[in-house]
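Enquirer: Got a structure for you, written out below as C-alpha cells; questions coming shortly.
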There are 2 protein chains.
Amino acid sequence: MKVSETFIPTLREVPGDAIIVSHRLMLRAAMIRKLSNGLFAYLPLGLRSFRKVENIIREEMDAIGSLEIKPTVVIPGELWKESGRWEAMGEALLRVKNRLDSDFVVSPTAEEAFTAIVRDELSSYRQLPLSLYQINTKYRDEVRPRYGVMRGREFVMKDAYSYHTNDESLDETYQKMGRAYRRIFKRCGLTVIPVRADSGAMGGTGSEEFMVESEIGDNTLLLCAGNSVASSAGNSVASSAGNSVASSACGYAANVEKAACKPDYTVPASIEAAKAAAVSIPALEKIDTPHVKTIEELCGFLKTDAKKFIKTLIYKAVNVELDLSKAPGCAKLVQRKLAPDAPLVYPEAFFAVTIRGDLDVNEVKLAAILKAAEVMLAADTDVERITGAPVGFAGPVGLTSVPVIADETVTAMSDAVAGALAKDLHYTHVAYGRDFSPWLVTDVRTVVAGDRCPVCGEALYEKKGNELGHIFKLGYKYTKSMRVSYLDENGKSHTPTMGCYGIGLDRTLASAIEEHHDEQGIIWPITIAPFHVIIVPIKYDGAVKTAADSIAAELGKKGIEVLLDDRNERPGVKFNDADLIGIPYRVVVGDKNLAGDTPRVEIKRRAEKENRLVELTKAAEELTELVHRELAELNR
Amino acid sequence: MKVSETFIPTLREVPGDAIIVSHRLMLRAAMIRKLSNGLFAYLPLGLRSFRKVENIIREEMDAIGSLEIKPTVVIPGELWKESGRWEAMGEALLRVKNRLDSDFVVSPTAEEAFTAIVRDELSSYRQLPLSLYQINTKYRDEVRPRYGVMRGREFVMKDAYSYHTNDESLDETYQKMGRAYRRIFKRCGLTVIPVRADSGAMGGTGSEEFMVESEIGDNTLLLCAGNSVASSAGNSVASSAGNSVASSACGYAANVEKAACKPDYTVPASIEAAKAAAVSIPALEKIDTPHVKTIEELCGFLKTDAKKFIKTLIYKAVNVELDLSKAPGCAKLVQRKLAPDAPLVYPEAFFAVTIRGDLDVNEVKLAAILKAAEVMLAADTDVERITGAPVGFAGPVGLTSVPVIADETVTAMSDAVAGALAKDLHYTHVAYGRDFSPWLVTDVRTVVAGDRCPVCGEALYEKKGNELGHIFKLGYKYTKSMRVSYLDENGKSHTPTMGCYGIGLDRTLASAIEEHHDEQGIIWPITIAPFHVIIVPIKYDGAVKTAADSIAAELGKKGIEVLLDDRNERPGVKFNDADLIGIPYRVVVGDKNLAGDTPRVEIKRRAEKENRLVELTKAAEELTELVHRELAELNR
C-alpha cells in the first residue's frame, strides 16, 4: 500500500494531557484520535495493529475449543436485575432508558448475557463443558479516563465464559485459558507477570491476573526478589521474544490486594494456649493518655514502638453476605436480597478490625472475608456510637457492640497497648485470649516491600502493574442467581459452575508500545506491526521508483505487508515517520546505491542501529526470510 | 469441526412471533437467539456466516481504496448538536447521559463522528479525495422491532463516508461504491434491485438504494414491466448466481417515495397559455353542495368522475429550509437555526397542496421539495383557520393565507371542480391560470401500479422491498454545519463535498436466507455458508468413523471447511439438521456403501434433490473441486 493511498496524518507535537509513552506515540503515529474524554477512534494504521491483536486472540481461543458468539452491546437491564448487579454495580455502569422506558446497560462485561443465553439452551450434562467467547465493544463510565486507550471509557474486550458440571472440569478449562493467555501475550511480544491469587493466604485456587509492569499501573504488585522482571523502558523485541512470562526460582507474584507474607511472629497454638501463656503478663492496667490519639503520639508518650500497639479501626461494610447471625452486636441486623435469586445480604454492618500497630489493614482482603460489596472506614459519629469514646480510643477489650476481627499478628502479641474505649485512656498489658477474644482471626494485613515471600522467604519488592487479562473461577454466583440448571445422567437437576476470562485489546496494544519503543517512536513486535516492511525511496522517480515498485510487488506476492512511502517529501521526513510508526524493516532505495554494476538497496531493522546493503535482486527474498523468521519466533 | 465440539442447539418449533422465513430459520438453525425485543445474539453457526458477509464487504471496500477506521459506538452528543441532528432526529436516537451528566448517543449512523475526525486532520486539497469506512455496531431505538435481525434495534452496519474537492471526484467514488455494492451482493448470492433516485422527476443524481424483494419490505417499489425480478421464494443458488442484479430492457426501478411516471395529460406551455386557453371555459360558478365533503360524495353528487376535481389538502411542515420570504401568508414566519452552523429553517409552516382528484399526494416528495424534516396533514382546527371553512371545502381559488403548491396534473385540468372555502359550497368551471395561480407547480404525485414508466412508457408494477444498502451524495450538509475546510493550491479555504454509503450486515445475511431456502431449511450460497461440507456418518463408529475422519482430515488440509456430525443420533435427525442448517454439500458415510471392493460414499448438493455415489478415495478431491468451482462462480 502506498502512503498516498492511506491516511497517516502523523504529528510532531501532541496535547499536554498525553502523558504516557503509548498515548503519545499512538497519537503521533496517527493510530488513534480522541473523540471525547476516554473515547478514541482508531485510524487506519492503528486499526491494522488492533486487528492483528484481535486475530491472535481469536486464533488462541479457537485453538482451545472456545466458541465465538456475538451478543449485543446494549443489554436488557432485566438480566442485570436478576443477577443483582443492577443495584450492586456503581456508577461505572452506563444505564440507558429507551423510548419505551425500558432499562438497558451498555455492556461493561457479559456474565449476565452469556448466562442468559446458556440458561435457555442448557438441558443435559452432555452439553457441558461449554466455553463461549466474544470480542466486542464494552463501556465503563470511568470518572477520570486517561492514558489514552489504556484507560478509556469505550474499549474492546475478549471475554469468555465457561460452564461445567464439576470443579475438575472448570479447572481444566481454567488451565487451558491460562496457557492460551500466556501464548497470546507472548505472540504480541509482551512480557507479562502472571499474578495468582492462590499462592497466598486467601486459599482460593481460582484467579490469575496477567500484569505488565507500568509506572502508571493501577495495581501494586509484590514480587519475590528471586523474580526478575525485565525493566520495560526501551526494550527491543529481540530481548524479550521467547521470554514473555517473567520467571524466577520462586516466581511468587501477587497483587497487593491479595498478597500474603511469611509471618515475622509466632502464632499461639490456640486461644487457650494464648490465655495460659498470659499468666506471666501483668494484669490489665488502664492508664491516662491525655490528648494522645495516634499511634505515633502513643509511641512518643509511652517511649516504645508501634509493634507493641493493637491498632483498632471501625469499618462499615455494605451488602455483607457472610452469616452474622451469631456475631456480637448483630442480632438486630436484617438481611435482604438484591435480586430474587441472589443470596441474602446485610445492607450495612459495622466491624472492629484489630492489627499490629506497625501494619495497615488491607480493605480488599477485608471485603473478601466479609463477602461484602464494599468496606470503608466508619464515620466519626459511628465510631463514637460504637466505641462510646471519641475517635482514637478504640480497642478490643470490652468491645461488644460490633464483631471484633483480629489480624493474625494480634494473636502473637503479648503485653500490648490498646485503646480503652474512653477519652484519654489506654490499656497496657493487654493479652489476647485473656483480655479479649476476637470473633474472627484472619489475615487482613497489607503486605509491603521488605516483607518476606510466603513461598520462599526472600524479601518481596513492589512494582506498579497494569492488568491486561484476568482468568477467574466464578463458581455459582451467576448460575445460581440466574437459575441455570441441567439434568445429570439420572435426570436430577443441578446448577453448573462457571468461569470467566477477559483480555482488554486496547490495553494489550498500548502495552506493547510501552514495552517496545525508543526516542524515535514505536518498535513493533512483527506479529502486530501494521506493516512488515516500509520502502522509502529517496525520491520516488525514475530508476528509484522502478526499483521500489518492483521490491514492493515482489514482497506483496510473497504475502509480506508493505508500505511504500511515495510522498514527495524530504528523505529526513520520511525516515522520521518510518521510525515513528515503527515498521519492523525499512528498505531505503536511492540513486547512489542503485548505480554501478550491482545495484543495491539498504535494509535496516527498526530495532537495530545498523543498516546494510543488499543486492536489489535479492532484497525481496532476504526480507521475506527475515520477516518469516521473526514471525515464527514470536508465534512459536 | 465436530458437532459435539461446537454449539448448535437446533429447534423444531419457534415462537409464534417469528413470522418471516429468515427469522424462523435463523432461530431453528441455532444461528441466533433473542435477548430482548430487537436484540439478538449470534451463536457460533450464525456468527460464522456473519463474519463471511463482513469479510466480503471488507474485501470489496479495501479493493476500491476505502480505508477502515474504528470510531466508538458511543458518540459525544456535542457532535450531534453541531450537525443539528440532536434536535432533528426523533426518538429513534438512543440518547444517554453519563455519570458526569454529559450527553452521548449510541451511534445509529456516523456522519458526525467521521466528519469530526476528518475536520481535525484535513488541511490540504492533496489529502482529498478521502474515503473511510467502519464495520461497527449501531443502535436504532425502533418502537416495534420485528422480523428478527431484519429490523432489530442493535445491528451491524458497514458505513463509509467520502470527502472531495469537487462533484466529479465525489461522483467517481460514488460510482466505485455502486460497483462494489453490486459485487458484494452478487458474492453473497443476493438478487438486488438497484433503485436510483435520478431516473425520476426529482432530478437528483445522487442516491441509489439496493433493495431485495420482500413481502414484509418497508419500501414499495415501482418497476417497469420490462424489469423482470425473479421471484424470491425457494430460489436455488445456481439460478441466481451471475444474475444478482435484476435487469431488463428498460430497467426502471424506483422507490414509491420518489417514483415518477410518464404524464397521462398535456401540460400547458405556460400559465399565460393556460389562461388564454381558458376563454372557452364558462365563468367560475359557486354551487351548493350540502353535506358533500369527500371526493366520492362529490362524484356522486355531480355525476362525474374524480379526475375532474382539484383535491386540496392542507399540510403542516416542520423545519422547512426552503426560502418562504416571498411566499403568500408567510411574511410573519421567523427562521431559526437547529445548530450554530446549520442552515436557517422555519420551525413550522402550512401549505395547501392541490392535485388531480384521483391521485394521492406523496409526502416524501413534498418534504423533499420543501426541504422539510417532516410533513403531515394539518389538524382540523388549522384547516379551519387557514381555509375559513370546515374540513372538506378547501380549494385553490382565493386562498391567500398559505402558499398553494400544485401538482403538475392540476395545470392540465380545465373546467374543474374545487372547494370554495366555505361550508357546503364548491366552485365549478375552475381554470388554472385564470382562476388561480399556484405559488409552485411541481410533482408531488404518488405513482401507483399501472402508471406508465417515465423512461419507456411501459406499465409499472409494484413490489415490496427491503433496503440492504444505500449510497448517497450528501453534498455539504455536514461539512458546512460542522465547519470542515481545506486549502486549495492557492491557499484559499473551501468546504469539501461528501458522500455516504451504508450496508446492513444482519439484513444482508437474513435476506440471503429469504432468497435461498426450501421447506427443509436454509440453502446457503457457498460464499457465506458457515461450513462448505457436512459429513454425516450413519453411525460414528468402526470403519465408518475411520472413513469419515479421513475425508474430514483431507478436506481440512485443502482448506475446505468441514462440519462432522459425530453425534450418537438417528440418521434421520442428522439429515434433518444438515438440511436445516443448509451446508452446501453433504457427504453420507455408511457401512453399506463402504463394503465391497470399491468403498463409496454418497455426495449430495443441498440445492439439489439427487445424490450420487463416489469412491471413498476420490471423495475429498471431488468435493474440493465442487466447492472451489462454486466459490469461484459467486466471487467472480
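Just remember, in the C-alpha cells the first chain shown is A, the second B, etc., residues are 1-based per chain, and ligands are 1-based in the order shown.
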Residues of chain A within 8 Å of chain B, counting only C-alpha atoms, what are they? List them as a compact mmCIF listing (two decimals) with all heavy atoms, in the first residue's frame.

Expert:
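Heads up, here's the output in out35.txt:
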# COMPACT_ATOMS: atom_id res chain seq x y z
N GLU A 5 -2.02 6.55 -0.59
CA GLU A 5 -3.34 5.90 -0.70
C GLU A 5 -3.94 5.55 0.66
O GLU A 5 -5.02 5.00 0.74
CB GLU A 5 -3.22 4.63 -1.54
CG GLU A 5 -2.97 4.92 -3.00
CD GLU A 5 -2.53 3.69 -3.77
OE1 GLU A 5 -2.29 2.64 -3.14
OE2 GLU A 5 -2.41 3.80 -5.00
N THR A 6 -3.16 5.78 1.72
CA THR A 6 -3.75 5.54 3.03
C THR A 6 -3.88 6.88 3.75
O THR A 6 -3.89 7.94 3.10
CB THR A 6 -2.95 4.49 3.84
OG1 THR A 6 -3.58 4.32 5.10
CG2 THR A 6 -1.50 4.86 4.02
N PHE A 7 -4.01 6.85 5.06
CA PHE A 7 -4.32 8.09 5.78
C PHE A 7 -3.56 8.02 7.10
O PHE A 7 -4.01 7.42 8.06
CB PHE A 7 -5.84 8.15 6.00
CG PHE A 7 -6.33 9.38 6.71
CD1 PHE A 7 -6.09 10.65 6.20
CD2 PHE A 7 -7.05 9.27 7.90
CE1 PHE A 7 -6.55 11.79 6.85
CE2 PHE A 7 -7.52 10.40 8.55
CZ PHE A 7 -7.27 11.66 8.02
N PRO A 9 -1.91 10.73 9.14
CA PRO A 9 -1.52 12.11 9.48
C PRO A 9 -0.70 12.16 10.77
O PRO A 9 -1.22 12.45 11.84
CB PRO A 9 -2.88 12.82 9.64
CG PRO A 9 -3.84 11.73 10.03
CD PRO A 9 -3.32 10.46 9.44
N ARG A 33 -7.22 8.86 17.35
CA ARG A 33 -7.58 10.25 17.58
C ARG A 33 -8.67 10.28 18.65
O ARG A 33 -9.50 9.38 18.72
CB ARG A 33 -8.11 10.90 16.30
CG ARG A 33 -7.04 11.25 15.29
CD ARG A 33 -6.04 12.27 15.83
NE ARG A 33 -5.02 12.61 14.84
CZ ARG A 33 -3.79 12.09 14.83
NH1 ARG A 33 -3.41 11.19 15.74
NH2 ARG A 33 -2.92 12.46 13.92
N LEU A 35 -12.01 11.42 20.35
CA LEU A 35 -13.32 11.95 20.00
C LEU A 35 -13.89 12.74 21.17
O LEU A 35 -14.65 13.67 21.01
CB LEU A 35 -14.29 10.81 19.67
CG LEU A 35 -14.20 10.23 18.27
CD1 LEU A 35 -15.10 9.02 18.16
CD2 LEU A 35 -14.59 11.26 17.22
N SER A 36 -13.51 12.30 22.36
CA SER A 36 -14.02 12.91 23.59
C SER A 36 -13.21 12.27 24.72
O SER A 36 -12.45 11.33 24.48
CB SER A 36 -15.50 12.58 23.72
OG SER A 36 -16.02 13.02 24.94
N LEU A 39 -12.84 8.49 24.82
CA LEU A 39 -13.38 7.90 23.59
C LEU A 39 -12.40 8.14 22.44
O LEU A 39 -12.16 9.30 22.07
CB LEU A 39 -14.74 8.50 23.24
CG LEU A 39 -15.87 8.27 24.24
CD1 LEU A 39 -17.17 8.90 23.73
CD2 LEU A 39 -16.09 6.78 24.48
N PHE A 40 -11.83 7.07 21.90
CA PHE A 40 -10.82 7.20 20.85
C PHE A 40 -11.24 6.45 19.60
O PHE A 40 -11.76 5.34 19.67
CB PHE A 40 -9.49 6.64 21.34
CG PHE A 40 -8.87 7.49 22.41
CD1 PHE A 40 -9.16 7.27 23.74
CD2 PHE A 40 -8.05 8.55 22.07
CE1 PHE A 40 -8.62 8.08 24.73
CE2 PHE A 40 -7.50 9.37 23.04
CZ PHE A 40 -7.79 9.13 24.38
N ALA A 41 -10.98 7.10 18.46
CA ALA A 41 -11.19 6.43 17.17
C ALA A 41 -9.86 5.87 16.70
O ALA A 41 -8.83 6.55 16.80
CB ALA A 41 -11.73 7.43 16.15
N TYR A 42 -9.86 4.65 16.22
CA TYR A 42 -8.66 4.10 15.58
C TYR A 42 -8.62 4.53 14.13
O TYR A 42 -9.61 4.34 13.40
CB TYR A 42 -8.66 2.57 15.66
CG TYR A 42 -8.27 2.05 17.03
CD1 TYR A 42 -9.19 1.94 18.05
CD2 TYR A 42 -6.94 1.70 17.29
CE1 TYR A 42 -8.82 1.49 19.31
CE2 TYR A 42 -6.56 1.25 18.54
CZ TYR A 42 -7.50 1.15 19.55
OH TYR A 42 -7.13 0.70 20.79
N LEU A 43 -7.51 5.09 13.71
CA LEU A 43 -7.32 5.42 12.29
C LEU A 43 -6.75 4.19 11.59
O LEU A 43 -6.43 3.19 12.23
CB LEU A 43 -6.38 6.63 12.17
CG LEU A 43 -6.89 7.92 12.84
CD1 LEU A 43 -5.99 9.10 12.46
CD2 LEU A 43 -8.33 8.22 12.45
N PRO A 44 -6.62 4.23 10.25
CA PRO A 44 -6.26 3.00 9.51
C PRO A 44 -5.02 2.28 10.05
O PRO A 44 -5.03 1.06 10.20
CB PRO A 44 -6.03 3.52 8.08
CG PRO A 44 -6.93 4.69 7.97
CD PRO A 44 -6.93 5.34 9.32
N LEU A 47 -5.78 0.66 13.40
CA LEU A 47 -6.73 -0.44 13.28
C LEU A 47 -6.06 -1.70 12.73
O LEU A 47 -6.42 -2.81 13.11
CB LEU A 47 -7.91 -0.03 12.39
CG LEU A 47 -9.09 -1.01 12.37
CD1 LEU A 47 -9.65 -1.25 13.77
CD2 LEU A 47 -10.20 -0.52 11.45
N GLY A 65 -10.76 -24.54 21.76
CA GLY A 65 -12.14 -25.00 21.65
C GLY A 65 -13.18 -24.08 22.23
O GLY A 65 -14.33 -24.48 22.42
N LEU A 67 -15.85 -21.20 21.79
CA LEU A 67 -16.67 -20.91 20.62
C LEU A 67 -17.07 -19.44 20.61
O LEU A 67 -17.59 -18.93 21.60
CB LEU A 67 -17.93 -21.78 20.64
CG LEU A 67 -17.67 -23.29 20.60
CD1 LEU A 67 -18.93 -24.06 21.00
CD2 LEU A 67 -17.19 -23.72 19.22
N GLU A 68 -16.85 -18.78 19.46
CA GLU A 68 -17.17 -17.36 19.40
C GLU A 68 -18.66 -17.14 19.16
O GLU A 68 -19.25 -17.75 18.28
CB GLU A 68 -16.35 -16.66 18.31
CG GLU A 68 -16.52 -15.14 18.36
CD GLU A 68 -15.63 -14.40 17.37
OE1 GLU A 68 -14.92 -15.07 16.59
OE2 GLU A 68 -15.64 -13.16 17.38
N ILE A 69 -19.25 -16.25 19.93
CA ILE A 69 -20.62 -15.81 19.70
C ILE A 69 -20.63 -14.28 19.71
O ILE A 69 -19.60 -13.66 19.95
CB ILE A 69 -21.62 -16.37 20.74
CG1 ILE A 69 -21.38 -15.78 22.13
CG2 ILE A 69 -21.53 -17.90 20.81
CD1 ILE A 69 -22.45 -16.16 23.15
N LYS A 70 -21.77 -13.69 19.41
CA LYS A 70 -21.84 -12.22 19.40
C LYS A 70 -23.15 -11.76 20.02
O LYS A 70 -24.15 -11.64 19.33
CB LYS A 70 -21.71 -11.68 17.97
CG LYS A 70 -21.60 -10.16 17.90
CD LYS A 70 -21.37 -9.66 16.50
CE LYS A 70 -22.65 -9.40 15.75
NZ LYS A 70 -23.49 -8.32 16.29
N PRO A 71 -23.16 -11.58 21.34
CA PRO A 71 -24.33 -10.96 21.95
C PRO A 71 -24.34 -9.47 21.57
O PRO A 71 -23.42 -9.00 20.90
CB PRO A 71 -24.09 -11.12 23.45
CG PRO A 71 -22.94 -12.04 23.59
CD PRO A 71 -22.14 -11.89 22.34
N THR A 72 -25.36 -8.77 22.01
CA THR A 72 -25.41 -7.34 21.70
C THR A 72 -24.53 -6.56 22.68
O THR A 72 -24.09 -7.07 23.70
CB THR A 72 -26.85 -6.83 21.79
OG1 THR A 72 -27.44 -7.30 23.01
CG2 THR A 72 -27.67 -7.36 20.63
N VAL A 73 -24.27 -5.31 22.30
CA VAL A 73 -23.53 -4.40 23.18
C VAL A 73 -24.51 -3.78 24.20
O VAL A 73 -24.19 -3.62 25.36
CB VAL A 73 -22.85 -3.30 22.33
CG1 VAL A 73 -22.20 -2.25 23.23
CG2 VAL A 73 -21.83 -3.92 21.38
N VAL A 74 -25.69 -3.46 23.70
CA VAL A 74 -26.74 -2.95 24.58
C VAL A 74 -27.51 -4.16 25.13
O VAL A 74 -28.01 -4.97 24.36
CB VAL A 74 -27.69 -2.01 23.79
CG1 VAL A 74 -28.86 -1.57 24.66
CG2 VAL A 74 -26.92 -0.80 23.27
N ILE A 75 -27.54 -4.26 26.45
CA ILE A 75 -28.08 -5.47 27.10
C ILE A 75 -29.29 -5.09 27.96
O ILE A 75 -29.26 -4.05 28.64
CB ILE A 75 -26.97 -6.11 27.98
CG1 ILE A 75 -25.78 -6.58 27.13
CG2 ILE A 75 -27.52 -7.25 28.84
CD1 ILE A 75 -26.03 -7.85 26.36
N PRO A 76 -30.34 -5.93 27.94
CA PRO A 76 -31.52 -5.61 28.75
C PRO A 76 -31.16 -5.48 30.23
O PRO A 76 -30.49 -6.35 30.79
CB PRO A 76 -32.44 -6.82 28.55
CG PRO A 76 -31.95 -7.52 27.33
CD PRO A 76 -30.50 -7.17 27.17
N GLU A 91 -21.66 3.58 39.69
CA GLU A 91 -21.98 4.48 38.58
C GLU A 91 -21.18 4.20 37.32
O GLU A 91 -21.42 4.81 36.29
CB GLU A 91 -21.72 5.93 39.01
CG GLU A 91 -22.75 6.45 39.98
CD GLU A 91 -22.65 7.96 40.06
OE1 GLU A 91 -21.70 8.45 40.70
OE2 GLU A 91 -23.47 8.63 39.46
N ALA A 92 -20.22 3.28 37.42
CA ALA A 92 -19.44 2.96 36.23
C ALA A 92 -20.29 2.23 35.20
O ALA A 92 -19.93 2.12 34.03
CB ALA A 92 -18.22 2.11 36.60
N LEU A 94 -23.06 2.12 32.67
CA LEU A 94 -23.80 3.11 31.89
C LEU A 94 -25.21 2.58 31.67
O LEU A 94 -25.43 1.65 30.90
CB LEU A 94 -23.11 3.37 30.56
CG LEU A 94 -23.63 4.57 29.76
CD1 LEU A 94 -23.39 5.88 30.50
CD2 LEU A 94 -22.99 4.63 28.38
N ARG A 95 -26.16 3.17 32.36
CA ARG A 95 -27.56 2.75 32.28
C ARG A 95 -28.30 3.64 31.29
O ARG A 95 -28.07 4.83 31.23
CB ARG A 95 -28.21 2.84 33.66
CG ARG A 95 -27.59 1.90 34.69
CD ARG A 95 -28.11 2.23 36.08
NE ARG A 95 -27.70 1.27 37.08
CZ ARG A 95 -26.55 1.33 37.76
NH1 ARG A 95 -25.72 2.31 37.54
NH2 ARG A 95 -26.24 0.40 38.65
N VAL A 96 -29.18 3.03 30.52
CA VAL A 96 -29.92 3.76 29.49
C VAL A 96 -31.39 3.41 29.61
O VAL A 96 -31.74 2.26 29.84
CB VAL A 96 -29.48 3.34 28.07
CG1 VAL A 96 -30.01 4.30 27.03
CG2 VAL A 96 -27.98 3.21 27.97
N LYS A 97 -32.24 4.39 29.42
CA LYS A 97 -33.66 4.12 29.25
C LYS A 97 -34.02 4.36 27.80
O LYS A 97 -33.61 5.36 27.22
CB LYS A 97 -34.49 5.06 30.13
CG LYS A 97 -34.80 4.48 31.49
CD LYS A 97 -35.94 5.25 32.16
CE LYS A 97 -36.07 4.85 33.62
NZ LYS A 97 -36.39 3.42 33.81
N ASN A 98 -34.74 3.42 27.19
CA ASN A 98 -35.09 3.65 25.80
C ASN A 98 -36.43 4.38 25.73
O ASN A 98 -37.00 4.77 26.74
CB ASN A 98 -35.06 2.36 24.98
CG ASN A 98 -36.32 1.53 25.13
OD1 ASN A 98 -37.11 1.74 26.03
ND2 ASN A 98 -36.48 0.58 24.24
N ARG A 99 -36.94 4.58 24.50
CA ARG A 99 -38.13 5.40 24.33
C ARG A 99 -39.36 4.78 24.98
O ARG A 99 -40.34 5.46 25.23
CB ARG A 99 -38.38 5.64 22.83
CG ARG A 99 -38.77 4.38 22.10
CD ARG A 99 -38.55 4.50 20.61
NE ARG A 99 -39.41 5.54 20.02
CZ ARG A 99 -39.36 5.86 18.73
NH1 ARG A 99 -38.49 5.27 17.93
NH2 ARG A 99 -40.13 6.78 18.25
N LEU A 100 -39.31 3.47 25.21
CA LEU A 100 -40.44 2.81 25.86
C LEU A 100 -40.21 2.69 27.36
O LEU A 100 -40.89 1.96 28.06
CB LEU A 100 -40.65 1.42 25.25
CG LEU A 100 -40.87 1.41 23.73
CD1 LEU A 100 -40.93 -0.02 23.21
CD2 LEU A 100 -42.14 2.17 23.37
N ALA A 113 -25.35 -11.70 30.15
CA ALA A 113 -25.81 -12.01 28.80
C ALA A 113 -25.47 -13.45 28.42
O ALA A 113 -26.31 -14.19 27.90
CB ALA A 113 -25.19 -11.03 27.79
N ALA A 116 -27.57 -15.90 30.45
CA ALA A 116 -28.97 -15.94 29.97
C ALA A 116 -29.07 -16.80 28.72
O ALA A 116 -30.01 -17.58 28.56
CB ALA A 116 -29.47 -14.52 29.69
N ILE A 117 -28.11 -16.68 27.82
CA ILE A 117 -28.13 -17.49 26.59
C ILE A 117 -27.98 -18.96 26.95
O ILE A 117 -28.74 -19.81 26.47
CB ILE A 117 -26.99 -17.04 25.64
CG1 ILE A 117 -27.29 -15.64 25.10
CG2 ILE A 117 -26.82 -18.03 24.49
CD1 ILE A 117 -26.12 -14.98 24.41
N GLU A 121 -30.61 -22.60 26.68
CA GLU A 121 -30.27 -23.71 25.79
C GLU A 121 -29.86 -24.96 26.53
O GLU A 121 -29.82 -26.04 25.96
CB GLU A 121 -29.13 -23.31 24.84
CG GLU A 121 -29.39 -22.05 24.03
CD GLU A 121 -30.68 -22.13 23.24
OE1 GLU A 121 -31.00 -23.23 22.75
OE2 GLU A 121 -31.39 -21.10 23.14
N THR A 137 -17.37 -4.68 21.80
CA THR A 137 -17.28 -3.36 22.42
C THR A 137 -17.82 -3.39 23.85
O THR A 137 -18.85 -3.99 24.11
CB THR A 137 -18.11 -2.37 21.59
OG1 THR A 137 -17.55 -2.33 20.27
CG2 THR A 137 -18.07 -0.97 22.19
N ASP A 141 -18.10 3.60 32.50
CA ASP A 141 -18.20 5.05 32.63
C ASP A 141 -17.19 5.58 33.65
O ASP A 141 -17.56 6.06 34.72
CB ASP A 141 -19.64 5.43 33.01
CG ASP A 141 -19.94 6.87 32.62
OD1 ASP A 141 -19.22 7.40 31.76
OD2 ASP A 141 -20.88 7.45 33.17
N VAL A 143 -14.79 7.81 35.71
CA VAL A 143 -14.90 9.22 36.09
C VAL A 143 -13.74 10.00 35.47
O VAL A 143 -13.93 11.08 34.92
CB VAL A 143 -14.83 9.40 37.62
CG1 VAL A 143 -15.05 10.86 37.97
CG2 VAL A 143 -15.88 8.56 38.30
N GLU A 154 -14.79 3.64 26.37
CA GLU A 154 -15.19 2.55 25.48
C GLU A 154 -13.94 1.78 25.09
O GLU A 154 -12.90 2.37 24.82
CB GLU A 154 -15.89 3.11 24.23
CG GLU A 154 -16.43 1.99 23.34
CD GLU A 154 -17.23 2.49 22.16
OE1 GLU A 154 -18.10 3.37 22.34
OE2 GLU A 154 -16.99 2.00 21.04

Enquirer: Applying 7 Å and only C-alpha atoms, which residues near region 368-385 of chain A remain after dropping the ones on its own chain fewer than 5 positions away? List them as a ChimeraX atom specification.

Expert: /A:314-322,363,390-391

Enquirer: Would you mind exporting N, CA, C and O atoms of the selected residues as a short mmCIF file (atom, residue, chain, number, x, y, z; two decimals), in the first residue's frame?

Expert:
data_model
loop_
_atom_site.label_atom_id
_atom_site.label_comp_id
_atom_site.auth_asym_id
_atom_site.auth_seq_id
_atom_site.Cartn_x
_atom_site.Cartn_y
_atom_site.Cartn_z
N ILE A 314 -12.62 1.00 63.10
CA ILE A 314 -14.03 0.64 62.92
C ILE A 314 -14.38 0.78 61.43
O ILE A 314 -14.17 1.83 60.82
N TYR A 315 -14.88 -0.32 60.85
CA TYR A 315 -15.23 -0.32 59.43
C TYR A 315 -16.72 -0.48 59.23
O TYR A 315 -17.39 -1.17 60.00
N LYS A 316 -17.19 0.19 58.20
CA LYS A 316 -18.56 -0.06 57.75
C LYS A 316 -18.47 -0.93 56.50
O LYS A 316 -17.64 -0.68 55.62
N ALA A 317 -19.31 -1.97 56.42
CA ALA A 317 -19.32 -2.83 55.23
C ALA A 317 -20.72 -2.81 54.63
O ALA A 317 -21.71 -2.73 55.37
N VAL A 318 -20.76 -2.86 53.30
CA VAL A 318 -22.03 -2.76 52.58
C VAL A 318 -22.34 -4.10 51.90
O VAL A 318 -21.46 -4.72 51.32
N ASN A 319 -23.59 -4.51 51.98
CA ASN A 319 -24.05 -5.76 51.36
C ASN A 319 -23.16 -6.95 51.73
O ASN A 319 -22.50 -7.56 50.88
N VAL A 320 -23.17 -7.28 53.00
CA VAL A 320 -22.34 -8.34 53.55
C VAL A 320 -23.05 -9.69 53.42
O VAL A 320 -24.16 -9.85 53.90
N GLU A 321 -22.38 -10.64 52.78
CA GLU A 321 -23.02 -11.94 52.57
C GLU A 321 -22.69 -12.92 53.71
O GLU A 321 -23.41 -13.89 53.94
N LEU A 322 -21.58 -12.68 54.41
CA LEU A 322 -21.16 -13.58 55.50
C LEU A 322 -22.26 -13.65 56.56
O LEU A 322 -22.91 -12.66 56.88
N GLU A 363 -8.08 -3.42 52.76
CA GLU A 363 -9.54 -3.40 52.68
C GLU A 363 -10.10 -4.40 51.67
O GLU A 363 -11.24 -4.84 51.81
N PRO A 390 -14.47 9.17 71.91
CA PRO A 390 -14.09 9.90 70.70
C PRO A 390 -13.18 9.02 69.83
O PRO A 390 -12.63 8.03 70.31
N VAL A 391 -13.03 9.43 68.59
CA VAL A 391 -12.14 8.70 67.68
C VAL A 391 -10.73 8.70 68.28
O VAL A 391 -10.26 9.71 68.77
#

Enquirer: Just the helix (DSSP H, G or I) stuff from region 192-397 of chain A, please, per backbone DSSP, written as a PyMOL selection string.

Expert: chain A and resi 237-240+271-280+295-302+306-308+363-370+380-387

Enquirer: Show me, as a count of residues only, the residues that have an atom within 8 Å of region 557-571 of chain A when counting only C-alpha atoms, minus same-chain residues fewer than 3 positions from it.

Expert: 22

Enquirer: Please provide as a ChimeraX atom specification all residues within 12 Å of region 517-520 of chain A, with the sequence filter that same-chain residues fewer than 3 positions apart are discarded (counting only C-alpha atoms).

Expert: /A:12,21-22,24-26,28-29,232-237,510-514,523-525,575-584,606-609

Enquirer: If you run DSSP on this backbone, which residues of region 446-497 of chain B come out as strand (DSSP E or B), and could you give them as a ChimeraX atom specification?

Expert: /B:452,459-475,486-487,493-494,497

Enquirer: Can you work out which one of B:Val544, B:Leu626, B:Ala349, B:Ala406 has the shortest atom-to-atom distance to Asp323 (chain B), counting only C-alpha atoms?

Expert: B:Ala349

Enquirer: Find the residues near Ile57 (chain B): any atom within 9 Å, counting only C-alpha atoms, skip ones fewer than 5 places away on the same chain, and give them as a VMD selection string.

Expert: chain B and resid 52 62 135 158 180 to 181 184 503 505

Enquirer: Of the candidates A:Gly206, A:Gly392, A:Gly90, A:Pro438, which one gets nearest to Gln175 (chain A) if we count only C-alpha atoms?

Expert: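 For Gln175 (chain A), the nearest of the candidates is A:Gly206.
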